[in-house]
Structures are given as structure tokens and as C-alpha cells.
$ cat work.csv   # CSV, C-alpha atoms
chain,number,residue,atom,x,y,z
A,390,MET,CA,19.2,-8.1,25.1
A,391,ASP,CA,16.0,-9.9,24.3
A,392,HIS,CA,15.4,-8.2,21.0
A,393,LEU,CA,11.9,-9.5,20.5
A,394,ALA,CA,10.8,-8.3,23.9
A,395,ARG,CA,12.3,-4.9,23.3
A,396,ALA,CA,10.6,-4.8,19.9
A,397,HIS,CA,7.2,-5.3,21.6
A,398,GLU,CA,8.0,-2.5,24.1
A,399,LEU,CA,9.0,-0.2,21.3
A,400,LEU,CA,5.9,-0.9,19.3
A,401,ALA,CA,3.7,-0.2,22.3
A,402,VAL,CA,5.0,3.4,22.2
A,403,HIS,CA,5.7,3.8,18.4
A,404,PRO,CA,3.3,1.4,16.7
A,405,VAL,CA,3.4,0.6,13.0
A,406,VAL,CA,1.6,2.7,10.5
A,407,ASP,CA,1.3,0.3,7.6
A,408,GLY,CA,0.9,1.7,4.2
A,409,HIS,CA,-1.1,-1.0,2.5
A,410,ASN,CA,-3.5,-3.8,3.4
A,411,ASP,CA,-5.9,-5.3,0.9
A,412,LEU,CA,-8.4,-6.7,3.4
A,413,PRO,CA,-11.3,-4.8,1.8
A,414,TRP,CA,-10.7,-6.6,-1.6
A,415,ALA,CA,-10.3,-9.9,0.1
A,416,LEU,CA,-13.6,-9.5,1.8
A,417,ARG,CA,-15.2,-8.7,-1.5
A,418,GLU,CA,-13.6,-11.6,-3.3
A,419,GLN,CA,-14.1,-14.2,-0.6
A,420,VAL,CA,-17.5,-13.4,0.9
A,421,GLY,CA,-19.1,-10.6,-1.0
A,422,TYR,CA,-18.5,-8.2,2.0
A,423,ASP,CA,-20.4,-10.5,4.4
A,424,LEU,CA,-18.7,-9.5,7.7
A,425,ASP,CA,-20.5,-12.3,9.6
A,426,ALA,CA,-18.8,-14.8,7.3
A,427,ARG,CA,-15.4,-13.1,7.9
A,428,ASP,CA,-15.7,-11.7,11.4
A,429,ILE,CA,-12.2,-10.2,12.0
A,430,ALA,CA,-12.9,-10.1,15.7
A,431,ALA,CA,-12.4,-13.9,15.5
A,432,ASP,CA,-9.3,-15.8,14.4
A,433,GLN,CA,-9.1,-15.8,10.6
A,434,ARG,CA,-5.9,-17.8,10.2
A,435,GLY,CA,-5.9,-19.8,7.0
A,436,LEU,CA,-8.5,-17.4,5.5
A,437,LEU,CA,-7.0,-14.0,5.9
A,438,HIS,CA,-3.7,-12.4,6.9
A,439,THR,CA,-5.6,-9.9,9.0
A,440,ASP,CA,-7.8,-10.0,12.0
A,441,LEU,CA,-8.1,-7.7,15.0
A,442,ASN,CA,-6.1,-9.8,17.5
A,443,ARG,CA,-3.2,-10.3,15.1
A,444,LEU,CA,-3.2,-6.5,14.3
A,445,ARG,CA,-2.9,-6.0,18.1
A,446,ALA,CA,-0.2,-8.6,18.4
A,447,GLY,CA,1.7,-7.0,15.5
A,448,GLY,CA,1.8,-3.6,17.1
A,449,VAL,CA,-0.2,-1.9,14.4
A,450,GLY,CA,-1.4,1.5,15.4
A,451,GLY,CA,-2.3,2.9,11.9
A,452,GLN,CA,-3.5,1.1,8.8
A,453,PHE,CA,-4.0,2.4,5.3
A,454,TRP,CA,-6.8,0.1,4.1
A,455,SER,CA,-6.5,-0.2,0.3
A,456,VAL,CA,-9.7,0.5,-1.6
A,457,TYR,CA,-8.3,-1.2,-4.6
A,458,VAL,CA,-10.2,-2.4,-7.6
A,459,ARG,CA,-8.9,-4.5,-10.5
A,460,THR,CA,-7.9,-2.8,-13.7
A,461,ASP,CA,-10.3,-4.8,-15.8
A,462,LEU,CA,-12.9,-2.6,-14.1
A,463,THR,CA,-12.9,0.6,-16.0
A,464,GLY,CA,-14.9,3.8,-16.4
A,465,ASP,CA,-18.0,4.1,-14.1
A,466,ALA,CA,-17.7,0.5,-13.1
A,467,ALA,CA,-14.2,1.2,-11.5
A,468,VAL,CA,-15.7,4.2,-9.7
A,469,SER,CA,-18.6,2.2,-8.3
A,470,ALA,CA,-16.4,-0.6,-7.1
A,471,THR,CA,-14.1,1.9,-5.4
A,472,LEU,CA,-17.1,3.4,-3.6
A,473,GLU,CA,-18.1,-0.1,-2.5
A,474,GLN,CA,-14.6,-0.6,-1.1
A,475,ILE,CA,-14.8,2.7,0.8
A,476,ASP,CA,-18.2,1.6,2.1
A,477,ILE,CA,-16.8,-1.7,3.5
A,478,VAL,CA,-14.0,0.2,5.3
A,479,GLY,CA,-16.7,2.3,6.9
A,480,GLU,CA,-18.6,-0.8,7.9
A,481,LEU,CA,-15.5,-2.3,9.5
A,482,ILE,CA,-14.9,0.9,11.6
A,483,ALA,CA,-18.5,1.0,12.7
A,484,ARG,CA,-18.6,-2.7,13.6
A,485,TYR,CA,-15.4,-2.6,15.7
A,486,PRO,CA,-15.4,0.8,17.4
A,487,THR,CA,-13.3,-0.3,20.3
A,488,HIS,CA,-10.5,-1.4,18.0
A,489,LEU,CA,-10.7,0.9,14.9
A,490,ARG,CA,-10.9,4.7,14.6
A,491,ARG,CA,-11.5,6.5,11.4
A,492,ALA,CA,-8.5,8.7,10.6
A,493,LEU,CA,-8.4,11.6,8.2
A,494,THR,CA,-5.5,13.7,9.5
A,495,ALA,CA,-2.2,13.4,11.4
A,496,ASP,CA,-4.0,14.6,14.5
A,497,ASP,CA,-6.4,11.7,14.1
A,498,LEU,CA,-3.5,9.3,14.2
A,499,GLU,CA,-2.3,10.7,17.4
A,500,LYS,CA,-5.7,10.6,18.9
A,501,ALA,CA,-6.2,6.9,17.9
A,502,ARG,CA,-2.9,6.0,19.5
A,503,ALA,CA,-3.8,7.9,22.7
A,504,GLU,CA,-7.1,6.0,22.8
A,505,GLY,CA,-5.5,2.6,22.2
A,506,ARG,CA,-7.3,2.2,18.8
A,507,ILE,CA,-6.0,1.5,15.3
A,508,ALA,CA,-6.2,4.6,13.1
A,509,SER,CA,-7.9,3.5,9.9
A,510,LEU,CA,-7.1,5.5,6.8
A,511,MET,CA,-7.8,4.6,3.1
A,512,GLY,CA,-5.7,4.6,0.0
A,513,ALA,CA,-7.1,4.1,-3.6
A,514,GLU,CA,-4.9,1.8,-5.6
A,515,GLY,CA,-4.9,2.9,-9.2
A,516,GLY,CA,-5.8,6.1,-11.1
A,517,HIS,CA,-8.4,4.1,-13.0
A,518,SER,CA,-10.5,4.6,-9.9
A,519,ILE,CA,-11.2,8.3,-10.8
A,520,ASN,CA,-12.2,7.6,-14.4
A,521,ASN,CA,-10.2,10.6,-15.7
A,522,SER,CA,-12.2,13.0,-13.5
A,523,LEU,CA,-10.7,15.5,-11.1
A,524,GLY,CA,-14.2,16.0,-9.6
A,525,THR,CA,-14.2,12.2,-8.8
A,526,LEU,CA,-10.7,12.6,-7.3
A,527,ARG,CA,-12.1,15.3,-5.0
A,528,ALA,CA,-15.1,13.2,-4.1
A,529,LEU,CA,-12.9,10.3,-3.0
A,530,TYR,CA,-10.9,12.7,-0.8
A,531,ASP,CA,-14.2,13.9,0.7
A,532,LEU,CA,-15.1,10.3,1.4
A,533,GLY,CA,-11.8,9.8,3.4
A,534,VAL,CA,-9.3,8.6,0.8
A,535,ARG,CA,-5.9,9.9,1.8
A,536,TYR,CA,-3.7,8.6,-0.9
A,537,MET,CA,-4.1,7.4,-4.5
A,538,THR,CA,-1.6,5.1,-6.2
A,539,LEU,CA,-1.3,6.6,-9.7
A,540,THR,CA,-1.5,3.3,-11.5
A,541,HIS,CA,-1.9,-0.4,-10.7
A,542,ASN,CA,-0.5,-3.2,-12.9
A,543,ASP,CA,-1.7,-1.6,-16.3
A,544,ASN,CA,-1.2,1.7,-18.0
A,545,ILE,CA,-4.0,4.2,-17.7
A,546,ASP,CA,-4.7,7.1,-20.0
A,547,TRP,CA,-2.5,9.5,-18.2
A,548,ALA,CA,0.3,7.4,-16.6
A,549,ASP,CA,2.4,4.4,-17.3
A,550,SER,CA,2.6,1.4,-15.0
A,551,ALA,CA,5.8,-0.4,-14.0
A,552,THR,CA,4.4,-3.7,-15.3
A,553,ASP,CA,3.0,-2.6,-18.6
A,554,LEU,CA,4.7,-1.6,-21.9
A,555,PRO,CA,5.7,2.1,-21.8
A,556,ARG,CA,3.2,4.3,-23.7
A,557,LEU,CA,3.7,7.8,-22.5
A,558,GLY,CA,7.2,7.7,-21.0
A,559,GLY,CA,5.8,9.1,-17.7
A,560,LEU,CA,2.9,11.4,-16.9
A,561,SER,CA,0.7,13.1,-19.6
A,562,ALA,CA,-0.2,16.7,-19.2
A,563,PHE,CA,-3.4,15.6,-17.5
A,564,GLY,CA,-1.4,13.3,-15.2
A,565,HIS,CA,0.6,16.3,-14.0
A,566,GLU,CA,-2.7,18.1,-13.3
A,567,VAL,CA,-3.9,15.1,-11.3
A,568,VAL,CA,-0.7,15.4,-9.1
A,569,ARG,CA,-1.2,19.1,-8.7
A,570,GLU,CA,-4.9,18.6,-7.7
A,571,MET,CA,-3.9,15.9,-5.2
A,572,ASN,CA,-1.5,18.4,-3.7
A,573,ARG,CA,-4.2,21.0,-3.5
A,574,VAL,CA,-6.8,18.8,-1.7
A,575,GLY,CA,-4.2,17.1,0.5
A,576,MET,CA,-4.2,13.6,-0.9
A,577,LEU,CA,-0.9,11.8,-0.8
A,578,VAL,CA,0.6,10.9,-4.2
A,579,ASP,CA,1.5,7.2,-4.1
A,580,LEU,CA,4.2,6.0,-6.6
A,581,SER,CA,4.1,2.3,-5.9
A,582,HIS,CA,3.2,0.4,-9.1
A,583,VAL,CA,4.2,3.2,-11.5
A,584,ALA,CA,6.9,3.3,-14.2
A,585,ASP,CA,10.2,5.0,-13.4
A,586,GLY,CA,9.3,7.9,-15.7
A,587,VAL,CA,6.1,8.5,-13.7
A,588,MET,CA,8.1,8.4,-10.4
A,589,ARG,CA,10.4,11.1,-11.7
A,590,ASP,CA,7.7,13.2,-13.3
A,591,ALA,CA,5.6,13.1,-10.1
A,592,LEU,CA,8.6,14.1,-8.0
A,593,ALA,CA,9.3,17.0,-10.3
A,594,THR,CA,5.7,18.2,-10.1
A,595,SER,CA,4.6,17.5,-6.5
A,596,THR,CA,4.9,20.3,-4.0
A,597,ALA,CA,4.0,17.8,-1.2
A,598,PRO,CA,5.8,14.7,0.0
A,599,VAL,CA,5.1,11.6,-2.1
A,600,ILE,CA,4.9,8.0,-0.7
A,601,PHE,CA,5.6,4.5,-2.0
A,602,SER,CA,2.9,2.7,-0.1
A,603,HIS,CA,4.3,-0.8,-0.7
A,604,SER,CA,7.6,-1.0,-2.7
A,605,SER,CA,11.1,-2.2,-2.0
A,606,ALA,CA,14.6,-1.5,-3.3
A,607,ARG,CA,15.5,-2.4,-6.9
A,608,ALA,CA,19.2,-2.6,-6.1
A,609,VAL,CA,18.4,-5.5,-3.8
A,610,CYS,CA,15.9,-7.2,-6.1
A,611,ASP,CA,15.7,-6.2,-9.7
A,612,HIS,CA,12.0,-6.0,-10.2
A,613,PRO,CA,10.2,-3.1,-11.9
A,614,ARG,CA,7.8,-2.8,-8.9
A,615,ASN,CA,10.8,-1.7,-6.8
A,616,ILE,CA,12.4,1.7,-6.5
A,617,PRO,CA,15.6,2.6,-8.3
A,618,ASP,CA,18.4,4.3,-6.3
A,619,ASP,CA,18.2,7.6,-8.0
A,620,VAL,CA,14.5,7.9,-7.0
A,621,LEU,CA,15.3,6.8,-3.4
A,622,ALA,CA,18.0,9.5,-3.3
A,623,ALA,CA,15.5,12.1,-4.4
A,624,LEU,CA,13.2,11.5,-1.5
A,625,PRO,CA,14.9,13.7,1.1
A,626,ALA,CA,14.5,16.8,-1.1
A,627,ASN,CA,10.8,16.0,-1.5
A,628,GLY,CA,10.2,14.9,2.1
A,629,GLY,CA,8.6,11.6,1.0
A,630,VAL,CA,8.6,8.1,2.4
A,631,ALA,CA,9.3,4.7,0.8
A,632,MET,CA,7.4,1.9,2.6
A,633,VAL,CA,9.1,-1.5,2.2
A,634,THR,CA,6.8,-4.3,1.0
A,635,PHE,CA,6.9,-7.9,2.0
A,636,VAL,CA,5.7,-9.6,-1.2
A,637,PRO,CA,8.3,-12.3,-1.9
A,638,LYS,CA,8.2,-11.9,-5.7
A,639,PHE,CA,9.3,-8.3,-5.3
A,640,VAL,CA,11.9,-8.8,-2.6
A,641,LEU,CA,13.7,-12.1,-3.3
A,642,PRO,CA,15.5,-12.5,-6.7
A,643,GLU,CA,15.1,-16.3,-6.6
A,644,ALA,CA,11.3,-15.9,-6.3
A,645,VAL,CA,10.9,-13.9,-9.5
A,646,ALA,CA,11.1,-16.8,-12.0
A,647,TRP,CA,9.1,-19.1,-9.7
A,648,THR,CA,6.3,-16.5,-9.4
A,649,LEU,CA,6.0,-16.2,-13.2
A,650,ALA,CA,5.5,-19.9,-13.4
A,651,ALA,CA,3.0,-19.9,-10.5
A,652,ASP,CA,1.0,-17.1,-12.1
A,653,ARG,CA,0.9,-18.9,-15.4
A,654,ASN,CA,-0.4,-22.0,-13.5
A,655,MET,CA,-3.2,-19.9,-12.0
A,656,ARG,CA,-4.2,-18.5,-15.5
A,657,GLU,CA,-4.3,-22.1,-16.8
A,658,HIS,CA,-6.8,-22.9,-14.1
A,659,GLY,CA,-8.9,-19.9,-15.3
A,660,LEU,CA,-8.1,-17.8,-12.3
A,661,HIS,CA,-6.6,-14.3,-11.9
A,662,HIS,CA,-3.0,-14.5,-10.6
A,663,LEU,CA,-3.9,-12.2,-7.7
A,664,ASP,CA,-6.8,-14.3,-6.5
A,665,THR,CA,-6.5,-15.2,-2.8
A,666,THR,CA,-9.8,-17.1,-2.4
A,667,PRO,CA,-9.6,-20.5,-0.7
A,668,THR,CA,-10.0,-22.3,-4.1
A,669,ALA,CA,-7.1,-20.2,-5.5
A,670,MET,CA,-5.0,-20.9,-2.5
A,671,ARG,CA,-5.4,-24.6,-2.9
A,672,ILE,CA,-4.2,-24.4,-6.5
A,673,HIS,CA,-1.2,-22.3,-5.2
A,674,GLU,CA,-0.5,-25.0,-2.6
A,675,ASP,CA,-0.6,-27.8,-5.1
A,676,PHE,CA,1.8,-26.0,-7.4
A,677,GLU,CA,4.1,-25.3,-4.5
A,678,ALA,CA,4.1,-28.9,-3.4
A,679,ALA,CA,5.3,-29.9,-6.9
A,680,HIS,CA,7.6,-26.9,-7.3
A,681,PRO,CA,9.1,-25.8,-3.9
A,682,ARG,CA,8.9,-22.1,-3.5
A,683,PRO,CA,12.0,-20.0,-2.8
A,684,GLU,CA,11.3,-18.5,0.6
A,685,ALA,CA,11.8,-14.9,1.7
A,686,THR,CA,12.5,-14.3,5.3
A,687,VAL,CA,12.5,-11.5,7.8
A,688,SER,CA,16.2,-11.0,6.9
A,689,THR,CA,15.3,-10.5,3.3
A,690,ILE,CA,13.1,-7.5,4.2
A,691,ALA,CA,15.7,-6.2,6.6
A,692,ASP,CA,18.2,-6.2,3.7
A,693,HIS,CA,15.9,-4.0,1.7
A,694,LEU,CA,15.5,-1.6,4.7
A,695,ASP,CA,19.2,-1.4,5.3
A,696,HIS,CA,19.7,-0.4,1.7
A,697,MET,CA,16.8,2.1,1.6
A,698,ARG,CA,18.0,3.7,4.8
A,699,ALA,CA,21.5,4.0,3.3
A,700,VAL,CA,20.3,5.7,0.1
A,701,ALA,CA,17.2,7.7,1.2
A,702,GLY,CA,18.0,8.2,4.9
A,703,VAL,CA,16.1,7.0,7.9
A,704,ASP,CA,13.6,9.9,7.8
A,705,HIS,CA,12.3,8.6,4.5
A,706,ILE,CA,11.4,5.0,5.0
A,707,GLY,CA,8.4,3.1,6.3
A,708,ILE,CA,6.5,-0.2,6.1
A,709,GLY,CA,3.7,-1.3,3.7
A,710,GLY,CA,3.3,-5.1,4.0
A,711,ASP,CA,0.6,-5.7,1.4
A,712,TYR,CA,-1.1,-8.3,3.5
A,713,ASP,CA,-4.2,-9.9,2.0
A,714,GLY,CA,-3.1,-8.7,-1.4
A,715,THR,CA,-0.5,-11.5,-1.9
A,716,ALA,CA,-0.7,-15.2,-1.9
A,717,PHE,CA,2.7,-15.7,-0.2
A,718,THR,CA,4.5,-13.9,2.7
A,719,PRO,CA,8.0,-14.2,4.1
A,720,ARG,CA,8.8,-16.6,6.9
A,721,GLY,CA,8.4,-14.8,10.1
A,722,LEU,CA,6.2,-12.2,8.5
A,723,ASP,CA,3.4,-14.6,7.8
A,724,ASP,CA,0.6,-12.2,8.7
A,725,VAL,CA,0.0,-8.9,10.4
A,726,SER,CA,1.2,-10.2,13.8
A,727,GLY,CA,4.8,-10.5,12.4
A,728,TYR,CA,6.0,-6.9,12.6
A,729,PRO,CA,7.8,-7.4,15.9
A,730,ASN,CA,10.0,-10.0,14.3
A,731,LEU,CA,11.2,-7.4,11.7
A,732,ILE,CA,11.8,-4.8,14.4
A,733,ALA,CA,13.8,-7.4,16.5
A,734,GLU,CA,15.9,-8.2,13.4
A,735,LEU,CA,16.7,-4.5,12.9
A,736,LEU,CA,17.6,-4.2,16.5
A,737,ARG,CA,20.0,-7.1,16.1
A,738,ARG,CA,21.5,-5.2,13.1
A,739,GLY,CA,22.2,-2.2,15.3
A,740,TRP,CA,19.3,0.1,14.4
A,741,SER,CA,18.7,2.6,17.2
A,742,GLU,CA,15.4,2.8,18.9
A,743,GLY,CA,15.1,6.4,17.6
A,744,ASP,CA,15.5,5.2,14.0
A,745,LEU,CA,13.0,2.4,14.5
A,746,ALA,CA,10.4,4.9,15.9
A,747,LYS,CA,10.8,6.9,12.7
A,748,LEU,CA,10.4,3.8,10.6
A,749,THR,CA,7.2,2.6,12.3
A,750,TRP,CA,5.4,5.8,13.3
A,751,GLN,CA,7.0,9.1,13.0
A,752,ASN,CA,7.8,9.3,9.3
A,753,SER,CA,4.2,8.5,8.3
A,754,LEU,CA,2.9,11.0,10.7
A,755,ARG,CA,5.2,13.7,9.4
A,756,VAL,CA,4.3,13.0,5.8
A,757,LEU,CA,0.6,13.4,6.6
A,758,ARG,CA,1.1,16.6,8.5
A,759,ASP,CA,3.3,18.1,5.8
A,760,THR,CA,0.8,17.2,3.1
A,761,GLU,CA,-1.9,18.9,5.1
A,762,ALA,CA,0.2,22.0,5.3
A,763,VAL,CA,0.9,22.1,1.6
A,764,ALA,CA,-2.9,21.7,0.9
A,765,ARG,CA,-3.7,24.7,3.1
A,766,ASP,CA,-1.1,26.8,1.2
A,767,GLU,CA,-2.4,25.6,-2.2
A,768,GLN,CA,-6.0,26.3,-1.3
A,769,SER,CA,-5.2,29.8,-0.2
A,770,GLY,CA,-3.9,30.5,-3.7
A,771,ARG,CA,-6.2,28.7,-6.1
A,772,GLY,CA,-9.5,26.8,-6.4
A,773,PRO,CA,-10.4,23.4,-7.7
A,774,SER,CA,-9.2,22.5,-11.2
A,775,HIS,CA,-11.8,21.5,-13.7
A,776,ALA,CA,-9.4,20.6,-16.4
A,777,THR,CA,-10.2,17.6,-18.6
A,778,ILE,CA,-8.1,14.9,-20.2
A,779,THR,CA,-9.4,15.9,-23.6
A,780,GLU,CA,-8.5,19.5,-23.0
A,781,LEU,CA,-5.0,18.8,-21.7
A,782,ASP,CA,-3.9,15.8,-23.6
A,783,GLY,CA,-5.6,16.6,-26.9
A,784,GLN,CA,-7.3,13.3,-27.3
A,785,ARG,CA,-10.2,11.5,-25.9
A,786,PRO,CA,-9.4,8.7,-23.3
A,787,ARG,CA,-9.0,5.2,-24.8
$ encode --input "work.csv" --output "C-alpha cells"
Amino acid sequence: MDHLARAHELLAVHPVVDGHNDLPWALREQVGYDLDARDIAADQRGLLHTDLNRLRAGGVGGQFWSVYVRTDLTGDAAVSATLEQIDIVGELIARYPTHLRRALTADDLEKARAEGRIASLMGAEGGHSINNSLGTLRALYDLGVRYMTLTHNDNIDWADSATDLPRLGGLSAFGHEVVREMNRVGMLVDLSHVADGVMRDALATSTAPVIFSHSSARAVCDHPRNIPDDVLAALPANGGVAMVTFVPKFVLPEAVAWTLAADRNMREHGLHHLDTTPTAMRIHEDFEAAHPRPEATVSTIADHLDHMRAVAGVDHIGIGGDYDGTAFTPRGLDDVSGYPNLIAELLRRGWSEGDLAKLTWQNSLRVLRDTEAVARDEQSGRGPSHATITELDGQRPR
């Protein structure tokens, strides 16, 4: 069997719904949202991981565009930057209507696939984006945001991050209320980036399926950004989906120490370690030339998926590449055109076409539909919450 040819055939019917792509932030950082300077209808190799032709070549049928903002933006500044991110996604959809279709529901995903367009959804990355306000959370939902990652790399007032020092041990009382309100409005609770205690607290509180929009298996690579086995094993009871990420420093054990050194080098040059501007990439390349980088491959990602399927079950896994949010990518998954290589590898490993259809398309569609059903039920029983962090946590936000 020609596994790659079969992968392309499968993706034509069951395209990838990818949980996380940071193109909007890359456009902000590189060109200040000037879409003429980064016209994704043209080839953007060497500048971006993402353009329309490569999305098509990769078999992408649904994309959660991350409307991420850095955690050094706080308060109203974080909210404003999130709104700007939402705005640029709207501009992209309006500029490329034959390729992209705004998607707010599971039905919209199905319609986009039938039309041959890429369903475009949004996910806010980090609870700092709502500035401790449930009203702001609802406003983001009304603007089209369909998931919120509870934290990014730093703790927030009501939740601990996986990559910060534990402060709360999980969710605060207000954090639990955020999860309940997300359930009520129909916004997916995203547990990538959060501390283990937050994962477990959110699973205990959420009446809707949760997602991990871009996280891999901790048993395969021991990094706090990955999902421990007990949490993976809890996903079937919740109905949620864990979307494997491709970021080498999260998936390849040998890359962890190298990445710490590379990040330190970036800071020594006065740049943020997540910077993917051309200047930053040149500094990365110079460092890599002097210190060869351990290289993740398609097989590395397949190893994570094998493990996640074994622990969580095939109905609870997906894909969230984190393209344009990472400086480095695995060989064979260099950009958004690479998904067929992963599907071909899984075919070689004996994954059935039915299982692969769940991985790429069906699981994400089900989670959206189930979350919409929970929201209808919740809204029939209660109205919006106007609780405040001061009221529930007994202290003013930091």
C-alpha cells in the first residue's frame, strides 16, 4: 500500500481539525497585521508555517486560530490585544472567502467541509484575556471565541500554570465559576498549559467535554506541558479530547535541555523566547549551527499518539500542531502541509481508517456538538453569572 497516497485520500474525506495555530500573533509580531506584507494566498515559506496552499496540501478542513496574547499584557491591555487578535481573524476570513469560512458551531464545520472551505474557529489562549470578568468571557464568546485555555505560561489570579510555581494548587473558587460559565455559554474549556491540579479541578467541575488544544503525553516526554496518564484516563468519562502537539521541546526528551539553553540565548539577545520574527529566527539559526538541535520526527509524534490512544481511547484524541507559535518543528511536519506524513505513519503502524477519521475530524466535531448540547441544557436552568473574583475568592486580584 502507498500509505502517503492513502493518507491524502483519507484527508479529502475526513480533513484535520487542528486545535491550535498562532498565525494571528505571528502577523501581529512580524508585520503589525499588514496582510499585504504577509499575504497568505502567496507562498510564505521561510516566514510563516502557514499559508492557504499549504493548508490545502495538508488536508486541513478546520482550524482553531489562536487569539493569544502574551502574559506580560495584563488587565484591560490584555483584553484590547485579544480583541485585536479576534479582529485580524475576521479580516483573514473576509479577505479569503473562497478558502476560509467562519465557524461557530459543529454544523458550521460540516457546512465548510461540504463547500470545500476551511472552517475557521477561534480559541483564546490564557485566562488573562478576560481580566477576571465573566462579562468579558461572554463578550468573547459572542465575538466567536469557542475555547479558552485557562492559563498560558504564567499563573493568573484564579488558576495555576504548568510552567509557573504553584500558588493555588488548582482552581480558585472564581476559577471554578469560570469553568461553569464556560459550560453555560458553550465555550470549550481548554486545559493545555495548566497545572495538573487545574486539570483535575476542571474535570471535576465541567459538565461539558474539555479539550487539550495542543498537549502531548507526559509518559512519553516528561514535561509539565504534557498530560499525565491519570488525566488522559479520565477523558472518556468526561467526553473530552486531547490534541497532540508537535513542539519538539514538549515531545522529545533530548530536546528539553537544548531548548532551555536556546531560550536563555534568546533572552541574552534581549528577545522573548517565543519570538518568531525573522530577526529572532536568525539568532535561533546561529545558535543551532553552534549547538546542533536534537530533532523530533513524524515518528516522535506518532509515539505520543500511540500512547494517548492506549490510555484515553481513540475517541478522545486529536491534533493541535501549534504552528507559527514555535520556532522549531519536527522533520516531516515542518509546516501545515505535513499532516499527511503523520497519517501515513499511523497507517504504517496499523491504525485503521476509521480510527484515523476520529483523530482528524470526528472527535473534534463531536466535542463541539456535545458542548453545544450542554450549553442548551445549562441555559434552560440558569442565567448568566455575575460573580466577581473579590466576592468568591475573598481578595482583590493581584
$ residues_around --input "work.csv" --residues "range 731-740 of chain A" --least-positions-apart "5" --cutoff "9 Å" --atoms "all atoms listed in the file" --output "list in words"
Asp391, His392, Leu393, Ala394, Arg395, Ala396, His397, Leu399, Leu400, Val687, Ser688, Ile690, Ala691, Leu694, Asp695, Gly721, Leu722, Leu745 and Thr749 of chain A
$ residues_around --input "work.csv" --residues "Asp497 in chain A" --least-positions-apart "6" --cutoff "9 Å" --atoms "all atoms listed in the file" --output "MDAnalysis selection string"
chainID A and resid 490:491 508
$ atom_distance --input "work.csv" --atom1 "CA of Tyr485 in chain A" --atom2 "CA of Arg443 in chain A"
14.4 Å
$ atom_distance --input "work.csv" --atom1 "CA of Gln452 in chain A" --atom2 "CA of Asn410 in chain A"
7.3 Å
$ residues_around --input "work.csv" --residues "range 629-633 of chain A" --least-positions-apart "6" --cutoff "10 Å" --atoms "only C-alpha atoms" --output "ChimeraX atom specification"
/A:406-409,577-581,592,597-606,615-616,620-621,623,640,690-691,693-694,697-698,701-711,748-749,752-753,755-757,759-760
$ closest_residue --input "work.csv" --among "A:Thr594, A:Thr634, A:Thr715, A:Asn572" --to "Thr648 in chain A" --atoms "only C-alpha atoms"
A:Thr715
$ closest_residue --input "work.csv" --among "A:Ala431, A:Ala699, A:Met655, A:Ala669" --to "Ala608 in chain A" --atoms "all atoms listed in the file"
A:Ala699
$ closest_residue --input "work.csv" --among "A:Thr668, A:Gln474, A:Gln433, A:Asn544" --to "Thr460 in chain A" --atoms "all atoms listed in the file"
A:Asn544
$ residues_around --input "work.csv" --residues "Asp652 in chain A" --least-positions-apart "2" --cutoff "9 Å" --atoms "only C-alpha atoms" --output "PDB file with C-alpha atoms, in the coordinates of the input"
ATOM      1  CA  TRP A 647       9.100 -19.100  -9.700  1.00  0.00           C
ATOM      2  CA  THR A 648       6.300 -16.500  -9.400  1.00  0.00           C
ATOM      3  CA  LEU A 649       6.000 -16.200 -13.200  1.00  0.00           C
ATOM      4  CA  ALA A 650       5.500 -19.900 -13.400  1.00  0.00           C
ATOM      5  CA  ASN A 654      -0.400 -22.000 -13.500  1.00  0.00           C
ATOM      6  CA  MET A 655      -3.200 -19.900 -12.000  1.00  0.00           C
ATOM      7  CA  ARG A 656      -4.200 -18.500 -15.500  1.00  0.00           C
ATOM      8  CA  GLU A 657      -4.300 -22.100 -16.800  1.00  0.00           C
ATOM      9  CA  HIS A 661      -6.600 -14.300 -11.900  1.00  0.00           C
ATOM     10  CA  HIS A 662      -3.000 -14.500 -10.600  1.00  0.00           C
ATOM     11  CA  LEU A 663      -3.900 -12.200  -7.700  1.00  0.00           C
ATOM     12  CA  HIS A 673      -1.200 -22.300  -5.200  1.00  0.00           C
TER      13      HIS A 673
END
$ decode --input "work.csv" --residues "range 473-516 of chain A" --atoms "C-alpha atoms" --output "tab-separated table (two decimals), in the first residue's frame"
chain	number	residue	atom	x	y	z
A	473	GLU	CA	-7.25	42.93	18.04
A	474	GLN	CA	-6.45	39.26	17.55
A	475	ILE	CA	-10.13	38.46	17.01
A	476	ASP	CA	-10.31	41.34	14.55
A	477	ILE	CA	-7.45	40.01	12.40
A	478	VAL	CA	-9.05	36.58	12.19
A	479	GLY	CA	-12.16	38.31	10.88
A	480	GLU	CA	-10.03	40.15	8.33
A	481	LEU	CA	-8.47	36.89	7.16
A	482	ILE	CA	-11.87	35.27	6.69
A	483	ALA	CA	-13.19	38.31	4.80
A	484	ARG	CA	-10.07	38.55	2.61
A	485	TYR	CA	-10.04	34.88	1.57
A	486	PRO	CA	-13.73	33.88	1.36
A	487	THR	CA	-13.18	31.09	-1.18
A	488	HIS	CA	-10.77	29.39	1.23
A	489	LEU	CA	-11.96	30.25	4.73
A	490	ARG	CA	-15.40	30.11	6.35
A	491	ARG	CA	-16.26	31.48	9.78
A	492	ALA	CA	-17.35	28.62	12.03
A	493	LEU	CA	-19.19	28.94	15.33
A	494	THR	CA	-20.84	25.53	15.62
A	495	ALA	CA	-20.40	21.88	14.72
A	496	ASP	CA	-22.89	22.39	11.90
A	497	ASP	CA	-20.67	25.17	10.53
A	498	LEU	CA	-17.78	22.69	10.38
A	499	GLU	CA	-19.90	20.32	8.33
A	500	LYS	CA	-21.03	23.12	6.02
A	501	ALA	CA	-17.46	24.31	5.45
A	502	ARG	CA	-16.37	20.79	4.54
A	503	ALA	CA	-19.28	20.45	2.10
A	504	GLU	CA	-18.30	23.77	0.50
A	505	GLY	CA	-14.62	22.84	0.25
A	506	ARG	CA	-13.60	25.65	2.61
A	507	ILE	CA	-11.58	25.62	5.82
A	508	ALA	CA	-13.77	26.12	8.88
A	509	SER	CA	-12.21	28.93	10.91
A	510	LEU	CA	-12.80	28.94	14.65
A	511	MET	CA	-11.06	30.88	17.42
A	512	GLY	CA	-9.54	29.96	20.76
A	513	ALA	CA	-8.33	32.45	23.39
A	514	GLU	CA	-5.05	31.31	24.93
A	515	GLY	CA	-4.92	32.28	28.57
A	516	GLY	CA	-7.46	33.36	31.17
